[in-house]
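So this one's input.txt, compact mmCIF, C-alpha atoms and all ligand atoms:
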# COMPACT_ATOMS: atom_id res chain seq x y z
CA LEU N 1 0.00 0.00 0.00
CA LEU N 2 3.01 2.29 0.41
CA ALA N 3 5.01 3.99 -2.31
CA PRO N 4 8.81 3.46 -2.30
CA ASP N 5 9.28 6.82 -0.53
CA GLY N 6 7.01 5.67 2.32
CA GLY N 7 4.05 7.79 1.21
CA ILE N 8 0.68 6.36 0.28
CA ALA N 9 0.71 5.05 -3.28
CA ALA N 10 -2.09 6.39 -5.49
CA THR N 11 -4.29 3.67 -7.00
CA ILE N 12 -3.44 2.76 -10.57
CA PHE N 13 -6.72 4.38 -11.67
CA ALA N 14 -5.91 7.72 -10.07
CA GLU N 15 -2.37 7.58 -11.49
CA MET N 16 -3.51 6.77 -15.02
CA SER N 17 -6.35 9.34 -15.04
CA ALA N 18 -3.83 11.97 -13.89
CA LEU N 19 -1.50 10.88 -16.71
CA ALA N 20 -4.35 11.30 -19.22
CA THR N 21 -5.18 14.77 -17.88
CA ARG N 22 -1.53 15.84 -17.92
CA THR N 23 -0.84 14.64 -21.46
CA GLY N 24 -4.25 15.21 -23.05
CA ALA N 25 -4.31 11.54 -24.12
CA ILE N 26 -7.55 9.60 -24.61
CA ASN N 27 -8.29 8.01 -21.24
CA LEU N 28 -9.06 4.32 -21.71
CA GLY N 29 -7.60 3.67 -18.27
CA GLN N 30 -10.07 4.22 -15.42
CA GLY N 31 -13.45 2.62 -16.15
CA PHE N 32 -16.19 5.24 -16.27
CA PRO N 33 -18.59 6.09 -19.10
CA ASP N 34 -18.38 9.40 -20.97
CA GLU N 35 -22.16 9.63 -21.45
CA ASP N 36 -25.07 9.79 -19.02
CA GLY N 37 -27.35 6.84 -18.42
CA PRO N 38 -31.18 6.66 -18.38
CA VAL N 39 -32.84 10.06 -18.19
CA GLU N 40 -35.48 8.67 -15.76
CA VAL N 41 -32.72 7.99 -13.24
CA LEU N 42 -31.19 11.46 -13.59
CA GLU N 43 -34.60 13.10 -13.37
CA ALA N 44 -35.46 11.14 -10.22
CA ALA N 45 -32.35 12.48 -8.48
CA ARG N 46 -33.17 16.07 -9.48
CA ARG N 47 -36.71 15.56 -8.22
CA ALA N 48 -35.53 14.11 -4.92
CA ILE N 49 -33.26 17.11 -4.29
CA ALA N 50 -36.09 19.52 -5.18
CA ASP N 51 -38.45 17.59 -2.89
CA GLY N 52 -36.11 17.95 0.09
CA VAL N 53 -34.63 14.45 0.25
CA ASN N 54 -31.40 16.00 1.50
CA GLN N 55 -30.85 14.86 5.09
CA TYR N 56 -29.41 11.69 6.60
CA PRO N 57 -31.29 8.64 5.36
CA PRO N 58 -31.47 5.43 7.47
CA GLY N 59 -28.11 3.68 7.94
CA THR N 60 -29.31 0.52 6.27
CA GLY N 61 -30.54 2.52 3.26
CA MET N 62 -33.89 4.06 2.37
CA PRO N 63 -36.76 1.53 2.29
CA VAL N 64 -37.66 2.60 -1.26
CA LEU N 65 -34.23 1.45 -2.46
CA ARG N 66 -33.99 -1.66 -0.29
CA GLU N 67 -37.38 -2.76 -1.62
CA ALA N 68 -36.34 -2.06 -5.20
CA ILE N 69 -33.17 -4.15 -4.68
CA ALA N 70 -35.25 -7.04 -3.29
CA ARG N 71 -37.65 -6.75 -6.27
CA HIS N 72 -34.68 -6.67 -8.65
CA GLN N 73 -33.23 -9.90 -7.20
CA ARG N 74 -36.59 -11.62 -7.54
CA HIS N 75 -37.38 -10.29 -11.01
CA TRP N 76 -34.03 -11.01 -12.62
CA TYR N 77 -32.82 -14.04 -10.68
CA GLY N 78 -35.81 -15.57 -8.85
CA LEU N 79 -34.17 -14.87 -5.48
CA THR N 80 -36.49 -14.05 -2.59
CA VAL N 81 -34.89 -11.42 -0.39
CA ASP N 82 -36.27 -9.70 2.72
CA ALA N 83 -35.81 -5.97 2.10
CA ALA N 84 -35.84 -5.16 5.81
CA SER N 85 -33.19 -7.58 7.06
CA GLU N 86 -31.22 -8.93 4.07
CA VAL N 87 -30.27 -5.76 2.16
CA LEU N 88 -27.74 -3.07 3.07
CA VAL N 89 -27.15 0.08 1.01
CA THR N 90 -23.50 1.20 0.86
CA ALA N 91 -21.24 3.89 -0.60
CA GLY N 92 -20.71 2.02 -3.85
CA ALA N 93 -19.62 -1.57 -4.13
CA THR N 94 -16.34 -0.37 -2.62
CA GLU N 95 -17.85 0.23 0.81
CA ALA N 96 -19.79 -3.03 0.61
CA LEU N 97 -16.48 -4.81 0.01
CA ALA N 98 -14.70 -2.86 2.74
CA ALA N 99 -17.36 -3.40 5.40
CA THR N 100 -17.73 -7.08 4.51
CA ILE N 101 -14.02 -7.83 4.60
CA LEU N 102 -13.39 -5.80 7.77
CA ALA N 103 -16.38 -7.42 9.49
CA LEU N 104 -15.67 -11.03 8.58
CA VAL N 105 -11.88 -11.37 8.38
CA ASP N 106 -9.74 -11.68 11.52
CA ASP N 107 -5.95 -11.69 11.79
CA GLY N 108 -4.54 -14.70 9.98
CA ASP N 109 -7.80 -15.74 8.26
CA GLU N 110 -7.27 -16.74 4.66
CA VAL N 111 -9.13 -14.98 1.88
CA VAL N 112 -9.14 -16.49 -1.60
CA THR N 113 -9.49 -14.39 -4.74
CA PHE N 114 -8.87 -15.08 -8.39
CA GLU N 115 -5.90 -13.32 -9.94
CA PRO N 116 -5.79 -10.83 -11.63
CA TYR N 117 -8.10 -9.22 -9.05
CA TYR N 118 -9.74 -5.83 -8.56
CA ASP N 119 -7.12 -3.88 -6.63
CA ALA N 120 -9.33 -2.99 -3.64
CA TYR N 121 -9.55 -6.67 -2.61
CA ALA N 122 -5.84 -6.95 -1.86
CA ALA N 123 -5.71 -3.63 0.02
CA LEU N 124 -8.76 -4.49 2.15
CA ILE N 125 -7.61 -8.02 2.94
CA ALA N 126 -4.27 -6.59 4.09
CA ARG N 127 -6.04 -3.92 6.17
CA ALA N 128 -8.12 -6.62 7.91
CA GLY N 129 -4.99 -8.66 8.73
CA GLY N 130 -6.03 -11.47 6.41
CA VAL N 131 -3.78 -13.73 4.36
CA HIS N 132 -4.49 -13.32 0.64
CA ARG N 133 -4.36 -16.53 -1.42
CA THR N 134 -5.01 -16.51 -5.14
CA VAL N 135 -6.09 -18.76 -7.99
CA PRO N 136 -4.63 -17.74 -11.36
CA LEU N 137 -6.74 -16.88 -14.40
CA ARG N 138 -4.71 -17.10 -17.61
CA PHE N 139 -4.88 -15.13 -20.84
CA PRO N 140 -6.77 -15.50 -23.12
CA ASP N 141 -9.70 -17.60 -21.76
CA TRP N 142 -9.28 -16.73 -18.06
CA ARG N 143 -11.01 -19.90 -16.82
CA PRO N 144 -9.68 -21.08 -13.43
CA ASP N 145 -8.27 -24.59 -13.17
CA LEU N 146 -10.53 -26.42 -10.74
CA ASP N 147 -7.69 -28.46 -9.21
CA GLU N 148 -5.75 -25.28 -8.54
CA LEU N 149 -8.87 -23.78 -6.97
CA ALA N 150 -9.33 -26.84 -4.74
CA SER N 151 -5.68 -26.68 -3.65
CA VAL N 152 -5.99 -23.05 -2.51
CA VAL N 153 -9.25 -23.29 -0.53
CA GLY N 154 -8.86 -25.05 2.82
CA PRO N 155 -9.82 -25.13 6.51
CA ARG N 156 -8.32 -21.68 7.15
CA THR N 157 -10.31 -20.07 4.32
CA ARG N 158 -12.76 -17.52 5.74
CA LEU N 159 -13.89 -15.88 2.48
CA ILE N 160 -13.85 -16.77 -1.19
CA ILE N 161 -14.19 -13.56 -3.20
CA VAL N 162 -15.77 -14.12 -6.60
CA ASN N 163 -16.05 -11.42 -9.26
CA THR N 164 -18.18 -12.38 -12.22
CA PRO N 165 -18.37 -10.66 -14.67
CA HIS N 166 -14.73 -10.04 -13.91
CA ASN N 167 -12.64 -6.89 -13.82
CA PRO N 168 -10.10 -6.59 -15.47
CA THR N 169 -10.61 -9.56 -17.85
CA GLY N 170 -14.31 -9.41 -18.79
CA ALA N 171 -14.60 -13.14 -18.10
CA VAL N 172 -17.89 -14.71 -16.99
CA PHE N 173 -17.52 -17.82 -14.84
CA ASP N 174 -19.48 -20.83 -16.11
CA ARG N 175 -21.76 -23.03 -14.03
CA GLU N 176 -19.12 -25.69 -13.40
CA VAL N 177 -16.74 -23.12 -11.93
CA LEU N 178 -19.49 -21.54 -9.82
CA ALA N 179 -20.58 -24.96 -8.53
CA ALA N 180 -16.99 -25.87 -7.63
CA ILE N 181 -16.70 -22.65 -5.60
CA VAL N 182 -19.95 -23.37 -3.73
CA ASP N 183 -18.86 -26.94 -3.06
CA LEU N 184 -15.52 -25.83 -1.59
CA ALA N 185 -17.16 -23.08 0.47
CA GLU N 186 -19.60 -25.61 1.95
CA ARG N 187 -16.87 -28.14 2.63
CA HIS N 188 -14.66 -25.62 4.45
CA ASP N 189 -17.46 -23.49 5.89
CA ALA N 190 -16.30 -20.36 4.09
CA VAL N 191 -18.41 -17.33 3.19
CA ILE N 192 -18.70 -16.46 -0.50
CA VAL N 193 -18.42 -12.77 -1.30
CA THR N 194 -19.47 -12.11 -4.87
CA ASP N 195 -18.83 -8.81 -6.62
CA GLU N 196 -21.39 -8.54 -9.42
CA VAL N 197 -21.16 -4.85 -10.35
CA TYR N 198 -21.18 -5.74 -14.08
CA GLU N 199 -24.29 -7.96 -13.76
CA HIS N 200 -26.25 -6.04 -16.42
CA LEU N 201 -23.37 -5.54 -18.83
CA VAL N 202 -23.15 -9.09 -20.20
CA PHE N 203 -22.83 -9.55 -23.98
CA ASP N 204 -22.25 -13.28 -24.53
CA GLY N 205 -20.31 -16.02 -22.69
CA PRO N 206 -21.38 -19.25 -20.97
CA PHE N 207 -24.95 -18.17 -20.17
CA GLY N 208 -25.63 -16.58 -23.57
CA GLY N 209 -25.60 -12.95 -22.50
CA LYS N 210 -27.26 -13.54 -19.13
CA HIS N 211 -25.88 -13.09 -15.65
CA VAL N 212 -26.15 -16.00 -13.23
CA PRO N 213 -25.51 -14.95 -9.62
CA ILE N 214 -23.65 -17.56 -7.61
CA ALA N 215 -26.33 -17.15 -4.88
CA THR N 216 -28.80 -18.95 -7.18
CA LEU N 217 -26.82 -22.21 -7.02
CA PRO N 218 -27.97 -24.89 -4.54
CA GLY N 219 -26.37 -24.40 -1.13
CA ALA N 220 -24.95 -20.95 -1.93
CA ARG N 221 -27.51 -18.43 -0.76
CA GLU N 222 -27.14 -19.04 2.97
CA ARG N 223 -23.39 -18.38 2.86
CA THR N 224 -23.18 -15.66 0.21
CA VAL N 225 -22.79 -11.89 0.34
CA THR N 226 -23.82 -10.52 -3.08
CA ILE N 227 -22.46 -7.08 -3.87
CA SER N 228 -23.50 -4.73 -6.66
CA SER N 229 -23.76 -1.04 -7.46
CA GLY N 230 -25.82 1.40 -9.47
CA GLY N 231 -22.66 2.94 -10.90
CA LYS N 232 -22.09 0.57 -13.81
CA THR N 233 -25.71 -0.34 -14.56
CA PHE N 234 -26.91 3.27 -14.81
CA SER N 235 -23.66 5.03 -15.79
CA THR N 236 -23.62 6.88 -12.47
CA THR N 237 -20.18 5.90 -11.17
CA GLY N 238 -19.87 9.24 -9.33
CA TRP N 239 -23.00 8.70 -7.25
CA LYS N 240 -21.54 5.85 -5.23
CA ILE N 241 -24.74 4.00 -4.44
CA GLY N 242 -24.01 0.31 -3.95
CA TRP N 243 -25.54 -2.48 -1.91
CA LEU N 244 -25.17 -5.96 -0.59
CA VAL N 245 -27.66 -8.78 -0.17
CA ALA N 246 -26.93 -11.48 2.41
CA PRO N 247 -28.56 -13.57 5.14
CA ALA N 248 -29.68 -11.35 8.04
CA PRO N 249 -26.92 -12.36 10.54
CA LEU N 250 -24.24 -11.46 8.00
CA VAL N 251 -25.94 -8.13 7.23
CA THR N 252 -26.00 -7.35 10.96
CA ALA N 253 -22.28 -8.08 11.33
CA ILE N 254 -21.42 -5.99 8.26
CA LEU N 255 -23.65 -3.12 9.35
CA ALA N 256 -21.72 -2.94 12.62
CA VAL N 257 -18.66 -1.94 10.58
CA LYS N 258 -20.45 0.08 7.92
CA GLN N 259 -22.06 2.42 10.48
CA TYR N 260 -18.62 3.76 11.42
CA LEU N 261 -17.25 3.92 7.87
CA THR N 262 -19.79 6.22 6.23
CA TYR N 263 -22.80 6.03 8.60
CA VAL N 264 -25.28 6.68 5.74
CA ASN N 265 -25.12 7.40 2.01
CA GLY N 266 -26.31 9.92 -0.60
CA ALA N 267 -30.02 10.46 0.19
CA PRO N 268 -31.33 11.84 -3.13
CA PHE N 269 -29.46 9.24 -5.17
CA GLN N 270 -31.16 6.35 -3.40
CA PRO N 271 -34.71 6.87 -4.77
CA ALA N 272 -33.10 7.61 -8.16
CA ILE N 273 -31.30 4.24 -8.24
CA ALA N 274 -34.55 2.61 -7.07
CA THR N 275 -36.25 4.15 -10.12
CA GLY N 276 -33.51 2.70 -12.31
CA LEU N 277 -33.85 -0.81 -10.87
CA ASP N 278 -37.55 -0.80 -11.77
CA LEU N 279 -37.01 0.28 -15.42
CA PRO N 280 -38.25 -2.12 -18.15
CA ASP N 281 -35.94 -5.01 -19.08
CA GLN N 282 -35.47 -3.50 -22.54
CA VAL N 283 -33.58 -0.53 -21.09
CA PHE N 284 -31.03 -2.91 -19.55
CA ALA N 285 -30.80 -4.94 -22.79
CA ASP N 286 -30.28 -1.81 -24.91
CA ALA N 287 -27.49 -0.56 -22.64
CA ALA N 288 -25.69 -3.92 -22.87
CA ALA N 289 -26.13 -4.02 -26.66
CA ALA N 290 -24.73 -0.50 -27.03
CA LEU N 291 -21.72 -1.46 -24.92
CA ALA N 292 -21.18 -4.67 -26.92
CA ALA N 293 -20.97 -2.56 -30.10
CA LYS N 294 -18.30 -0.43 -28.40
CA ARG N 295 -16.40 -3.55 -27.37
CA ASP N 296 -16.38 -4.67 -30.99
CA VAL N 297 -15.08 -1.33 -32.27
CA LEU N 298 -12.19 -1.27 -29.82
CA ALA N 299 -11.41 -4.97 -30.29
CA THR N 300 -11.23 -4.46 -34.06
CA GLY N 301 -9.01 -1.42 -33.57
CA LEU N 302 -6.65 -3.24 -31.23
CA VAL N 303 -6.34 -6.25 -33.54
CA ALA N 304 -5.71 -3.95 -36.53
CA ALA N 305 -3.01 -2.20 -34.50
CA GLY N 306 -1.26 -5.54 -33.95
CA PHE N 307 -2.33 -6.51 -30.42
CA GLU N 308 -3.51 -9.99 -29.51
CA VAL N 309 -6.79 -9.54 -27.63
CA SER N 310 -9.06 -11.65 -25.48
CA LEU N 311 -12.65 -10.72 -26.31
CA PRO N 312 -14.53 -10.00 -23.06
CA ALA N 313 -17.98 -11.53 -22.52
CA ALA N 314 -19.02 -8.63 -20.27
CA GLY N 315 -18.06 -5.45 -18.51
CA TYR N 316 -16.13 -2.32 -19.43
CA PHE N 317 -12.70 -3.68 -20.35
CA ILE N 318 -10.69 -5.56 -22.94
CA VAL N 319 -7.28 -7.08 -22.30
CA ALA N 320 -4.67 -6.79 -25.06
CA ASP N 321 -1.21 -8.30 -25.31
CA ALA N 322 1.40 -5.75 -26.40
CA ALA N 323 4.09 -8.42 -26.86
CA ALA N 324 3.26 -8.87 -30.54
CA LEU N 325 4.10 -5.18 -31.02
CA GLY N 326 7.47 -5.67 -29.35
CA PHE N 327 6.55 -4.38 -25.89
CA ASP N 328 7.01 -7.01 -23.22
CA ASP N 329 6.60 -4.78 -20.17
CA GLY N 330 2.99 -3.56 -19.94
CA ALA N 331 3.70 -1.10 -17.12
CA ALA N 332 6.52 0.59 -19.05
CA PHE N 333 4.38 0.49 -22.20
CA CYS N 334 1.46 2.22 -20.40
CA ARG N 335 3.73 4.95 -19.06
CA ARG N 336 4.98 5.66 -22.62
CA LEU N 337 1.67 5.16 -24.44
CA PRO N 338 0.48 8.80 -24.15
CA GLU N 339 3.67 9.94 -25.86
CA LEU N 340 3.71 7.04 -28.38
CA ALA N 341 0.05 7.16 -29.38
CA GLY N 342 -1.94 9.62 -27.24
CA VAL N 343 -3.86 6.88 -25.41
CA VAL N 344 -3.93 5.73 -21.77
CA GLY N 345 -4.41 2.11 -20.65
CA VAL N 346 -3.77 0.24 -17.41
CA PRO N 347 -1.19 -2.57 -17.09
CA ILE N 348 -2.64 -5.89 -15.90
CA SER N 349 0.31 -6.06 -13.50
CA ALA N 350 -1.68 -3.59 -11.35
CA PHE N 351 -4.18 -6.39 -10.69
CA VAL N 352 -1.58 -9.01 -9.81
CA HIS N 353 0.63 -9.52 -6.75
CA PRO N 354 4.11 -8.02 -7.36
CA GLU N 355 5.76 -11.46 -7.02
CA ARG N 356 3.59 -13.00 -9.73
CA ARG N 357 3.76 -10.36 -12.41
CA ALA N 358 5.84 -12.35 -14.90
CA ASP N 359 2.87 -14.22 -16.43
CA THR N 360 0.84 -11.11 -17.20
CA ARG N 361 3.80 -8.90 -17.98
CA SER N 362 2.87 -7.64 -21.43
CA LEU N 363 -0.91 -7.38 -20.90
CA VAL N 364 -2.79 -4.07 -20.88
CA ARG N 365 -6.41 -3.25 -20.01
CA PHE N 366 -8.34 -0.75 -22.15
CA ALA N 367 -11.80 0.60 -21.22
CA PHE N 368 -14.41 0.67 -24.01
CA CYS N 369 -17.22 2.39 -22.04
CA LYS N 370 -16.66 5.48 -24.21
CA ARG N 371 -18.45 7.12 -27.17
CA LEU N 372 -17.93 5.34 -30.51
CA GLU N 373 -16.06 8.30 -32.00
CA VAL N 374 -13.64 8.28 -29.05
CA LEU N 375 -12.97 4.56 -29.57
CA GLN N 376 -12.50 5.10 -33.31
CA GLU N 377 -10.04 7.92 -32.68
CA ALA N 378 -8.18 5.79 -30.10
CA SER N 379 -8.04 2.94 -32.62
CA SER N 380 -6.53 5.12 -35.33
CA ARG N 381 -3.97 6.45 -32.88
CA LEU N 382 -3.04 2.93 -31.75
CA ALA N 383 -2.67 1.91 -35.40
CA THR N 384 0.42 4.15 -35.58
CA LEU N 385 2.26 1.90 -33.09
CA GLY N 386 3.07 -0.95 -35.48
N1 LIG F 401 -15.75 -4.00 -7.99
C1 LIG F 401 -15.37 -4.02 -9.26
C2 LIG F 401 -15.05 -5.31 -9.91
C3 LIG F 401 -15.27 -2.82 -9.98
O1 LIG F 401 -14.86 -2.84 -11.23
C4 LIG F 401 -15.58 -1.61 -9.33
C5 LIG F 401 -15.49 -0.27 -10.00
N2 LIG F 401 -15.18 -0.19 -11.22
C6 LIG F 401 -15.99 -1.65 -8.02
C7 LIG F 401 -16.06 -2.85 -7.37
C8 LIG F 401 -16.33 -0.39 -7.27
O2 LIG F 401 -17.63 -0.02 -7.49
P1 LIG F 401 -18.23 1.34 -6.89
O3 LIG F 401 -17.78 2.44 -7.78
O4 LIG F 401 -19.70 1.11 -6.90
O5 LIG F 401 -17.68 1.49 -5.52
N1 LIG F 402 -13.68 0.20 -11.28
C1 LIG F 402 -13.12 1.17 -12.18
C2 LIG F 402 -11.91 0.54 -12.85
O1 LIG F 402 -11.62 -0.60 -12.61
C3 LIG F 402 -12.71 2.40 -11.41
C4 LIG F 402 -11.90 2.07 -10.23
C5 LIG F 402 -11.47 3.23 -9.41
O2 LIG F 402 -11.44 4.36 -9.83
N2 LIG F 402 -11.09 2.91 -8.21
O3 LIG F 402 -11.26 1.18 -13.62

Represent the structure contained in this file as structure tokens.
Amino acid sequence: LLAPDGGIAATIFAEMSALATRTGAINLGQGFPDEDGPVEVLEAARRAIADGVNQYPPGTGMPVLREAIARHQRHWYGLTVDAASEVLVTAGATEALAATILALVDDGDEVVTFEPYYDAYAALIARAGGVHRTVPLRFPDWRPDLDELASVVGPRTRLIIVNTPHNPTGAVFDREVLAAIVDLAERHDAVIVTDEVYEHLVFDGPFGGKHVPIATLPGARERTVTISSGGKTFSTTGWKIGWLVAPAPLVTAILAVKQYLTYVNGAPFQPAIATGLDLPDQVFADAAAALAAKRDVLATGLVAAGFEVSLPAAGYFIVADAAALGFDDGAAFCRRLPELAGVVGVPISAFVHPERRADTRSLVRFAFCKRLEVLQEASSRLATLG
């Protein structure tokens, strides 16, 4: 967590966005859309502010949002959730992760994640005093080896953190992988924490463009904390309205931590996200289709520029191998990319433990949640690399 000079190291996303601002390069680093989401959601927030929804809401979240989350789980996934006791609203998925990990992990407990992993997992596990163990996902198909998974989960495992659809790879875990995780969690009495912030941004993959929450598998629900956020689904990453759904005793334990992290979250944004969750299915399908078209534009551009790419089934990001272009150090490549081509990307090494960076050395993550003309311009700039 510390920079070499002993100061606090900025996250890779902050560093790369600052690089883009400084150089004027196209920012395909940090994942945030450059267009607003559904107008109904934006309007609902304006209305809430005008109507005086501007003071502390309840610590567990406003009933209107908790009920919309419960409805959403039932409508999309057939999961019956008690809005009063099994839902907790948080400051983005980030706070849901933080409160969950800090509440459930004691010194020396093992926490399993797949690797590469979203950077917050490693920082939070370290902060909680946990021991981070990882299961590798390998370019280009990113499917975990089930024997490797079984060898990493054991009696000391407290949490298994799942992230499907996955950041940074865009992989969607198939049913066999999900079932193996549930089986191991049951056998070793571990809690499953599943980060599903990209649940509505699925294009293809093992379930044909659908999202299958691990909590829907037999035996999973009673030991699973499901985390999501309005940020990705409604293109409101700056609102920081997230949530978790879990059995009541787990919610109570997590709330004990959450109440001293942020206490409560963004009152007027909560009814607005509730409005979004109740929008017709077609709105969700159209957003995913629009994003899939953007994926295809950037993938075509990257291939034409000479990268080897792994086509993501979901999410905001595509992983490209710069080795074919003669760059075998992704971190060095990303630092030079603004000057070489006027584009910013994020090295996959940022999502991997420093001791295991060799395997992913030349890989770079590019965000495609940008307007088509931005992706086309980025593609023509990248074409000058070869
Ligand atoms: N988990 C994953 C996998 C993410 O990609 C992100 C953000 N991009 C988050 C959590 C954080 O979500 P939020 O902004 O809602 O805190
Ligand atoms: N989740 C987004 C990404 O992976 C943004 C992360 C952040 O800014 N912390 O790029």

Quiz prompt | stretch 280-294 of chain N surroundings by all atoms listed in the file, 6 Å radius, close-in-sequence under 3 positions cut, as a ChimeraX atom specification | solution = /N:201,203,297,368

Do you have, as JSON lines, the list of residues of chain N lying at most 8 Å from ligand LIG 401 (chain F), each with its nearest atom pair and that distance in Å to one decimal, counting only C-alpha atoms and all ligand atoms and ordered by chain then number?
{"residue": "N:Gln30", "atom": "CA", "partner": "F:LIG401", "partner_atom": "N2", "distance": 7.9}
{"residue": "N:Gly31", "atom": "CA", "partner": "F:LIG401", "partner_atom": "N2", "distance": 5.9}
{"residue": "N:Phe32", "atom": "CA", "partner": "F:LIG401", "partner_atom": "N2", "distance": 7.5}
{"residue": "N:Ala91", "atom": "CA", "partner": "F:LIG401", "partner_atom": "O5", "distance": 6.5}
{"residue": "N:Gly92", "atom": "CA", "partner": "F:LIG401", "partner_atom": "O4", "distance": 3.3}
{"residue": "N:Ala93", "atom": "CA", "partner": "F:LIG401", "partner_atom": "O4", "distance": 3.9}
{"residue": "N:Thr94", "atom": "CA", "partner": "F:LIG401", "partner_atom": "O5", "distance": 3.7}
{"residue": "N:Glu95", "atom": "CA", "partner": "F:LIG401", "partner_atom": "O5", "distance": 6.5}
{"residue": "N:Ala96", "atom": "CA", "partner": "F:LIG401", "partner_atom": "O5", "distance": 7.9}
{"residue": "N:Leu97", "atom": "CA", "partner": "F:LIG401", "partner_atom": "C7", "distance": 7.6}
{"residue": "N:Tyr118", "atom": "CA", "partner": "F:LIG401", "partner_atom": "C2", "distance": 5.5}
{"residue": "N:Ala120", "atom": "CA", "partner": "F:LIG401", "partner_atom": "C7", "distance": 7.7}
{"residue": "N:Asn163", "atom": "CA", "partner": "F:LIG401", "partner_atom": "C2", "distance": 6.2}
{"residue": "N:Pro165", "atom": "CA", "partner": "F:LIG401", "partner_atom": "C2", "distance": 7.9}
{"residue": "N:His166", "atom": "CA", "partner": "F:LIG401", "partner_atom": "C2", "distance": 6.2}
{"residue": "N:Asn167", "atom": "CA", "partner": "F:LIG401", "partner_atom": "C2", "distance": 4.9}
{"residue": "N:Pro168", "atom": "CA", "partner": "F:LIG401", "partner_atom": "O1", "distance": 7.4}
{"residue": "N:Asp195", "atom": "CA", "partner": "F:LIG401", "partner_atom": "N1", "distance": 5.9}
{"residue": "N:Glu196", "atom": "CA", "partner": "F:LIG401", "partner_atom": "C2", "distance": 7.1}
{"residue": "N:Val197", "atom": "CA", "partner": "F:LIG401", "partner_atom": "C1", "distance": 5.9}
{"residue": "N:Tyr198", "atom": "CA", "partner": "F:LIG401", "partner_atom": "C2", "distance": 7.4}
{"residue": "N:Ser228", "atom": "CA", "partner": "F:LIG401", "partner_atom": "O4", "distance": 7.0}
{"residue": "N:Ser229", "atom": "CA", "partner": "F:LIG401", "partner_atom": "O4", "distance": 4.6}
{"residue": "N:Gly230", "atom": "CA", "partner": "F:LIG401", "partner_atom": "O4", "distance": 6.6}
{"residue": "N:Gly231", "atom": "CA", "partner": "F:LIG401", "partner_atom": "O4", "distance": 5.3}
{"residue": "N:Lys232", "atom": "CA", "partner": "F:LIG401", "partner_atom": "O4", "distance": 7.3}
{"residue": "N:Thr237", "atom": "CA", "partner": "F:LIG401", "partner_atom": "O3", "distance": 5.4}
{"residue": "N:Gly238", "atom": "CA", "partner": "F:LIG401", "partner_atom": "O3", "distance": 7.3}
{"residue": "N:Lys240", "atom": "CA", "partner": "F:LIG401", "partner_atom": "O4", "distance": 5.4}
{"residue": "N:Ile241", "atom": "CA", "partner": "F:LIG401", "partner_atom": "O4", "distance": 6.3}
{"residue": "N:Gly242", "atom": "CA", "partner": "F:LIG401", "partner_atom": "O4", "distance": 5.3}

Practice problem: Using all atoms listed in the file, find the one residue out of N:Asp109, N:Asp119, N:Asp34, N:Asp141 that sits nearest to ligand LIG 402 (chain F). | Solution: N:Asp119

Practice problem: Go ahead and find all residues with at least one atom no further than 12 Å from (-1.7, -19.8, -8.9) in the file's coordinates, using only C-alpha atoms; report them as JSON, numbers by chain. | Solution: {"N": [112, 113, 114, 115, 116, 132, 133, 134, 135, 136, 137, 138, 144, 145, 146, 147, 148, 149, 150, 151, 152, 153, 352, 353, 355, 356, 357, 359]}

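Residues within 10 Å of N:Val346, counting all atoms listed in the file and excluding same-chain residues fewer than 2 positions away, are Ile12, Phe13, Glu15, Met16, Ser17, Asn27, Leu28, Gly29, Gln30, Pro168, Val319, Gly330, Ala331, Phe333, Cys334, Arg335, Val344, Ile348, Ser349, Ala350, Phe351, Leu363, Val364, Arg365, Phe366 and Ala367 of chain N.
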
Exercise. Go through N:Trp243, N:Phe327, N:Phe139, N:Tyr121 one by one, measure the shortest atom-to-atom distance of each to ligand LIG 402 (chain F) using only C-alpha atoms and all ligand atoms, and give the residue with the smallest value.
Key: N:Tyr121

Quiz item: So, counting all atoms listed in the file, which residue among N:Gly345, N:Ile192, N:Ala45, N:Thr60 is closest to ligand LIG 402 (chain F)?
Solution: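 Residue with the minimum atom-to-atom distance to ligand LIG 402 (chain F): N:Gly345.
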